[in-house]
>>> print(open('coords_4.cif').read())   # mmCIF, C-alpha atoms (C1' of nucleotides); chains and numbers go by the auth columns
data_work
loop_
_atom_site.group_PDB
_atom_site.id
_atom_site.type_symbol
_atom_site.label_atom_id
_atom_site.label_comp_id
_atom_site.label_asym_id
_atom_site.label_seq_id
_atom_site.Cartn_x
_atom_site.Cartn_y
_atom_site.Cartn_z
_atom_site.B_iso_or_equiv
_atom_site.auth_seq_id
_atom_site.auth_asym_id
ATOM 1 C CA MET A 1 128.616 -19.132 98.259 0.00 1 J
ATOM 2 C CA LYS A 2 126.233 -16.723 99.761 0.00 2 J
ATOM 3 C CA ASN A 3 126.651 -17.727 103.362 0.00 3 J
ATOM 4 C CA SER A 4 123.181 -16.407 103.943 0.00 4 J
ATOM 5 C CA PHE A 5 120.574 -17.759 106.269 0.00 5 J
ATOM 6 C CA ARG A 6 118.960 -19.347 103.253 0.00 6 J
ATOM 7 C CA ASP A 7 122.137 -21.128 102.232 0.00 7 J
ATOM 8 C CA ARG A 8 122.464 -22.491 105.730 0.00 8 J
ATOM 9 C CA VAL A 9 118.930 -23.862 105.643 0.00 9 J
ATOM 10 C CA TYR A 10 119.665 -25.482 102.291 0.00 10 J
ATOM 11 C CA THR A 11 122.726 -27.223 103.648 0.00 11 J
ATOM 12 C CA ILE A 12 120.998 -28.513 106.750 0.00 12 J
ATOM 13 C CA ALA A 13 117.921 -29.659 104.860 0.00 13 J
ATOM 14 C CA ALA A 14 120.180 -31.609 102.524 0.00 14 J
ATOM 15 C CA LYS A 15 121.543 -33.448 105.533 0.00 15 J
ATOM 16 C CA ILE A 16 118.195 -34.866 106.511 0.00 16 J
ATOM 17 C CA PRO A 17 118.411 -38.660 106.207 0.00 17 J
ATOM 18 C CA LYS A 18 115.875 -40.537 104.134 0.00 18 J
ATOM 19 C CA GLY A 19 112.829 -41.647 106.035 0.00 19 J
ATOM 20 C CA LYS A 20 113.173 -38.836 108.544 0.00 20 J
ATOM 21 C CA VAL A 21 111.667 -35.403 108.858 0.00 21 J
ATOM 22 C CA VAL A 22 112.497 -32.163 110.643 0.00 22 J
ATOM 23 C CA THR A 23 110.272 -29.431 111.956 0.00 23 J
ATOM 24 C CA TYR A 24 110.703 -25.856 110.788 0.00 24 J
ATOM 25 C CA GLY A 25 111.522 -24.807 114.321 0.00 25 J
ATOM 26 C CA GLN A 26 114.190 -27.476 114.616 0.00 26 J
ATOM 27 C CA LEU A 27 115.670 -26.518 111.276 0.00 27 J
ATOM 28 C CA ALA A 28 115.596 -22.858 112.202 0.00 28 J
ATOM 29 C CA LYS A 29 117.394 -23.666 115.399 0.00 29 J
ATOM 30 C CA MET A 30 120.062 -25.552 113.474 0.00 30 J
ATOM 31 C CA ALA A 31 120.394 -22.613 111.119 0.00 31 J
ATOM 32 C CA GLY A 32 121.155 -20.346 114.046 0.00 32 J
ATOM 33 C CA SER A 33 117.815 -18.689 114.695 0.00 33 J
ATOM 34 C CA PRO A 34 115.500 -20.689 116.973 0.00 34 J
ATOM 35 C CA GLN A 35 112.628 -18.350 116.230 0.00 35 J
ATOM 36 C CA ALA A 36 113.083 -18.113 112.490 0.00 36 J
ATOM 37 C CA ALA A 37 110.786 -20.991 111.630 0.00 37 J
ATOM 38 C CA ARG A 38 108.862 -18.687 109.294 0.00 38 J
ATOM 39 C CA ALA A 39 111.998 -17.548 107.553 0.00 39 J
ATOM 40 C CA VAL A 40 112.916 -21.194 107.023 0.00 40 J
ATOM 41 C CA GLY A 41 109.623 -21.861 105.328 0.00 41 J
ATOM 42 C CA MET A 42 110.111 -18.852 103.120 0.00 42 J
ATOM 43 C CA SER A 43 113.533 -20.062 102.075 0.00 43 J
ATOM 44 C CA MET A 44 111.962 -23.386 101.202 0.00 44 J
ATOM 45 C CA ARG A 45 109.309 -21.665 99.158 0.00 45 J
ATOM 46 C CA CYS A 46 111.952 -19.865 97.138 0.00 46 J
ATOM 47 C CA ASN A 47 113.935 -23.080 96.844 0.00 47 J
ATOM 48 C CA THR A 48 113.927 -24.675 93.428 0.00 48 J
ATOM 49 C CA ASP A 49 116.294 -27.601 93.962 0.00 49 J
ATOM 50 C CA ARG A 50 114.242 -30.333 95.439 0.00 50 J
ATOM 51 C CA LYS A 51 117.020 -32.774 94.533 0.00 51 J
ATOM 52 C CA LYS A 52 119.519 -30.891 96.637 0.00 52 J
ATOM 53 C CA VAL A 53 117.046 -29.607 99.157 0.00 53 J
ATOM 54 C CA PRO A 54 114.462 -32.209 100.187 0.00 54 J
ATOM 55 C CA CYS A 55 112.027 -29.596 101.388 0.00 55 J
ATOM 56 C CA HIS A 56 109.411 -32.351 101.529 0.00 56 J
ATOM 57 C CA ARG A 57 111.221 -33.653 104.575 0.00 57 J
ATOM 58 C CA VAL A 58 110.455 -30.486 106.447 0.00 58 J
ATOM 59 C CA VAL A 59 107.142 -30.432 108.295 0.00 59 J
ATOM 60 C CA ALA A 60 105.403 -28.327 110.912 0.00 60 J
ATOM 61 C CA SER A 61 106.198 -28.754 114.613 0.00 61 J
ATOM 62 C CA ASN A 62 102.975 -30.693 115.092 0.00 62 J
ATOM 63 C CA GLY A 63 103.840 -33.081 112.266 0.00 63 J
ATOM 64 C CA ALA A 64 101.342 -31.580 109.845 0.00 64 J
ATOM 65 C CA LEU A 65 102.360 -31.161 106.212 0.00 65 J
ATOM 66 C CA THR A 66 102.332 -27.594 104.990 0.00 66 J
ATOM 67 C CA GLY A 67 102.967 -25.898 101.671 0.00 67 J
ATOM 68 C CA TYR A 68 105.269 -27.534 99.133 0.00 68 J
ATOM 69 C CA ALA A 69 106.111 -25.709 95.953 0.00 69 J
ATOM 70 C CA PHE A 70 106.085 -28.762 93.671 0.00 70 J
ATOM 71 C CA GLY A 71 103.618 -31.324 92.379 0.00 71 J
ATOM 72 C CA LYS A 72 100.200 -31.119 93.932 0.00 72 J
ATOM 73 C CA GLY A 73 101.506 -29.460 97.030 0.00 73 J
ATOM 74 C CA VAL A 74 100.968 -31.201 100.332 0.00 74 J
ATOM 75 C CA THR A 75 99.465 -34.164 98.507 0.00 75 J
ATOM 76 C CA THR A 76 102.657 -34.910 96.614 0.00 76 J
ATOM 77 C CA LYS A 77 104.639 -34.142 99.714 0.00 77 J
ATOM 78 C CA LYS A 78 102.750 -36.752 101.708 0.00 78 J
ATOM 79 C CA GLU A 79 103.206 -39.318 98.974 0.00 79 J
ATOM 80 C CA ILE A 80 106.934 -38.709 98.874 0.00 80 J
ATOM 81 C CA LEU A 81 107.336 -38.917 102.627 0.00 81 J
ATOM 82 C CA LEU A 82 105.295 -42.080 102.691 0.00 82 J
ATOM 83 C CA LYS A 83 107.563 -43.548 100.027 0.00 83 J
ATOM 84 C CA GLU A 84 110.627 -42.477 101.942 0.00 84 J
ATOM 85 C CA GLY A 85 109.430 -44.594 104.833 0.00 85 J
ATOM 86 C CA VAL A 86 108.156 -41.842 107.080 0.00 86 J
ATOM 87 C CA VAL A 87 105.518 -43.002 109.513 0.00 87 J
ATOM 88 C CA PHE A 88 102.235 -41.174 109.183 0.00 88 J
ATOM 89 C CA LYS A 89 99.725 -40.676 111.932 0.00 89 J
ATOM 90 C CA SER A 90 96.256 -39.904 110.665 0.00 90 J
ATOM 91 C CA ASN A 91 96.974 -36.971 108.381 0.00 91 J
ATOM 92 C CA LYS A 92 100.239 -35.975 109.991 0.00 92 J
ATOM 93 C CA VAL A 93 103.753 -37.300 110.392 0.00 93 J
ATOM 94 C CA ASP A 94 104.544 -39.353 113.459 0.00 94 J
ATOM 95 C CA LEU A 95 107.292 -37.183 114.889 0.00 95 J
ATOM 96 C CA ILE A 96 107.807 -39.753 117.629 0.00 96 J
ATOM 97 C CA ARG A 97 109.076 -42.122 114.969 0.00 97 J
ATOM 98 C CA SER A 98 110.329 -39.986 112.114 0.00 98 J
ATOM 99 C CA GLN A 99 111.598 -36.738 113.555 0.00 99 J
ATOM 100 C CA TRP A 100 115.286 -36.282 112.802 0.00 100 J
ATOM 101 C CA THR A 101 116.903 -34.771 115.863 0.00 101 J
ATOM 102 C CA GLY A 102 119.993 -33.924 113.870 0.00 102 J
ATOM 103 C CA ARG A 103 122.043 -36.708 115.330 0.00 103 J
ATOM 104 C "C1'" DA B 1 114.621 2.082 102.164 0.00 1 Y
ATOM 105 C "C1'" DG B 2 109.971 0.953 103.913 0.00 2 Y
ATOM 106 C "C1'" DA B 3 106.134 -1.927 104.333 0.00 3 Y
ATOM 107 C "C1'" DT B 4 103.973 -6.475 103.715 0.00 4 Y
ATOM 108 C "C1'" DT B 5 103.829 -11.211 103.478 0.00 5 Y
ATOM 109 C "C1'" DG B 6 104.797 -16.154 104.517 0.00 6 Y
ATOM 110 C "C1'" DA B 7 105.543 -23.662 103.734 0.00 7 Y
ATOM 111 C "C1'" DC B 8 105.712 -21.141 111.770 0.00 8 Y
ATOM 112 C "C1'" DC B 9 105.562 -21.708 116.964 0.00 9 Y
ATOM 113 C "C1'" DG B 10 103.941 -21.099 121.509 0.00 10 Y
ATOM 114 C "C1'" DT B 11 100.477 -19.836 124.630 0.00 11 Y
ATOM 115 C "C1'" DG B 12 95.794 -18.705 126.095 0.00 12 Y
ATOM 116 C "C1'" DT B 13 90.816 -19.356 126.072 0.00 13 Y
ATOM 117 C "C1'" DG C 1 90.845 -30.975 121.810 0.00 1 S
ATOM 118 C "C1'" DA C 2 89.943 -27.005 118.725 0.00 2 S
ATOM 119 C "C1'" DC C 3 90.106 -22.031 117.801 0.00 3 S
ATOM 120 C "C1'" DA C 4 92.260 -17.356 118.345 0.00 4 S
ATOM 121 C "C1'" DC C 5 96.151 -13.946 119.134 0.00 5 S
ATOM 122 C "C1'" DG C 6 100.795 -12.338 119.217 0.00 6 S
ATOM 123 C "C1'" DG C 7 105.664 -12.577 118.345 0.00 7 S
ATOM 124 C "C1'" DC C 8 110.098 -13.386 115.611 0.00 8 S
ATOM 125 C "C1'" DC C 9 112.970 -13.899 111.346 0.00 9 S
ATOM 126 C "C1'" DA C 10 114.076 -13.321 106.614 0.00 10 S
ATOM 127 C "C1'" DA C 11 112.766 -12.551 101.796 0.00 11 S
ATOM 128 C "C1'" DT C 12 109.956 -10.212 98.398 0.00 12 S
ATOM 129 C "C1'" DC C 13 107.137 -6.294 96.397 0.00 13 S
#
>>> encode(input="coords_4.cif", output="structure tokens")
Amino acid sequence: MKNSFRDRVYTIAAKIPKGKVVTYGQLAKMAGSPQAARAVGMSMRCNTDRKKVPCHRVVASNGALTGYAFGKGVTTKKEILLKEGVVFKSNKVDLIRSQWTGR
DNA sequence: AGATTGACCGTGT
DNA sequence: GACACGGCCAATC
């Protein structure tokens, strides 16, 4: 165990229920640093275990899909989220319906 | 050890 | 509503 910020993000991201998404800011807050949204994204970028860390369930605060280190990038990410049952609004995720508040 | 980048967020114009 | 700027955190070069 590394007990690093990254490890914490991994653990929390793994807790995200299927069909729900979390914003980087929210995840950062859960990790202990409300302003470390960027650091969260970086941890995700370095992440290689998409089975253990559903990084595709992590989206921007405005519901827009960003990055993704696998498949076709945001394209694959959107497909996966759509399959998971996440509600999409235009080209973004409907946070009103699919944002996981951590409860 | 220092400097730079990066899958961001909030606010202002 | 869209575009631009600055600020914060951690990891990587």
>>> interface_residues(input="coords_4.cif", of="chain Y", to="chain J", cutoff="10 Å", atoms="only C-alpha atoms (C1' of nucleotides)", output="PyMOL selection string")
chain Y and resi 5-9
>>> interface_residues(input="coords_4.cif", of="chain S", to="chain J", cutoff="10 Å", atoms="all atoms listed in the file", output="CSV table (one decimal) with C-alpha atoms (C1' of nucleotides), in the coordinates of the input")
chain,number,residue,atom,x,y,z
S,7,DG,C1',105.7,-12.6,118.3
S,8,DC,C1',110.1,-13.4,115.6
S,9,DC,C1',113.0,-13.9,111.3
S,10,DA,C1',114.1,-13.3,106.6
S,11,DA,C1',112.8,-12.6,101.8
S,12,DT,C1',110.0,-10.2,98.4
>>> resolve_selection(input="coords_4.cif", expression="the PyMOL selection byres ((chain Y and resi 13) around 10)", output="MDAnalysis selection string")
(chainID Y and resid 11:12) or (chainID S and resid 3:4)
>>> atom_distance(input="coords_4.cif", atom1="atom CA of Thr48 of chain J", atom2="atom CA of Ile96 of chain J")
29.2 Å
>>> atom_distance(input="coords_4.cif", atom1="atom CA of Arg103 of chain J", atom2="atom CA of Glu79 of chain J")
25.1 Å
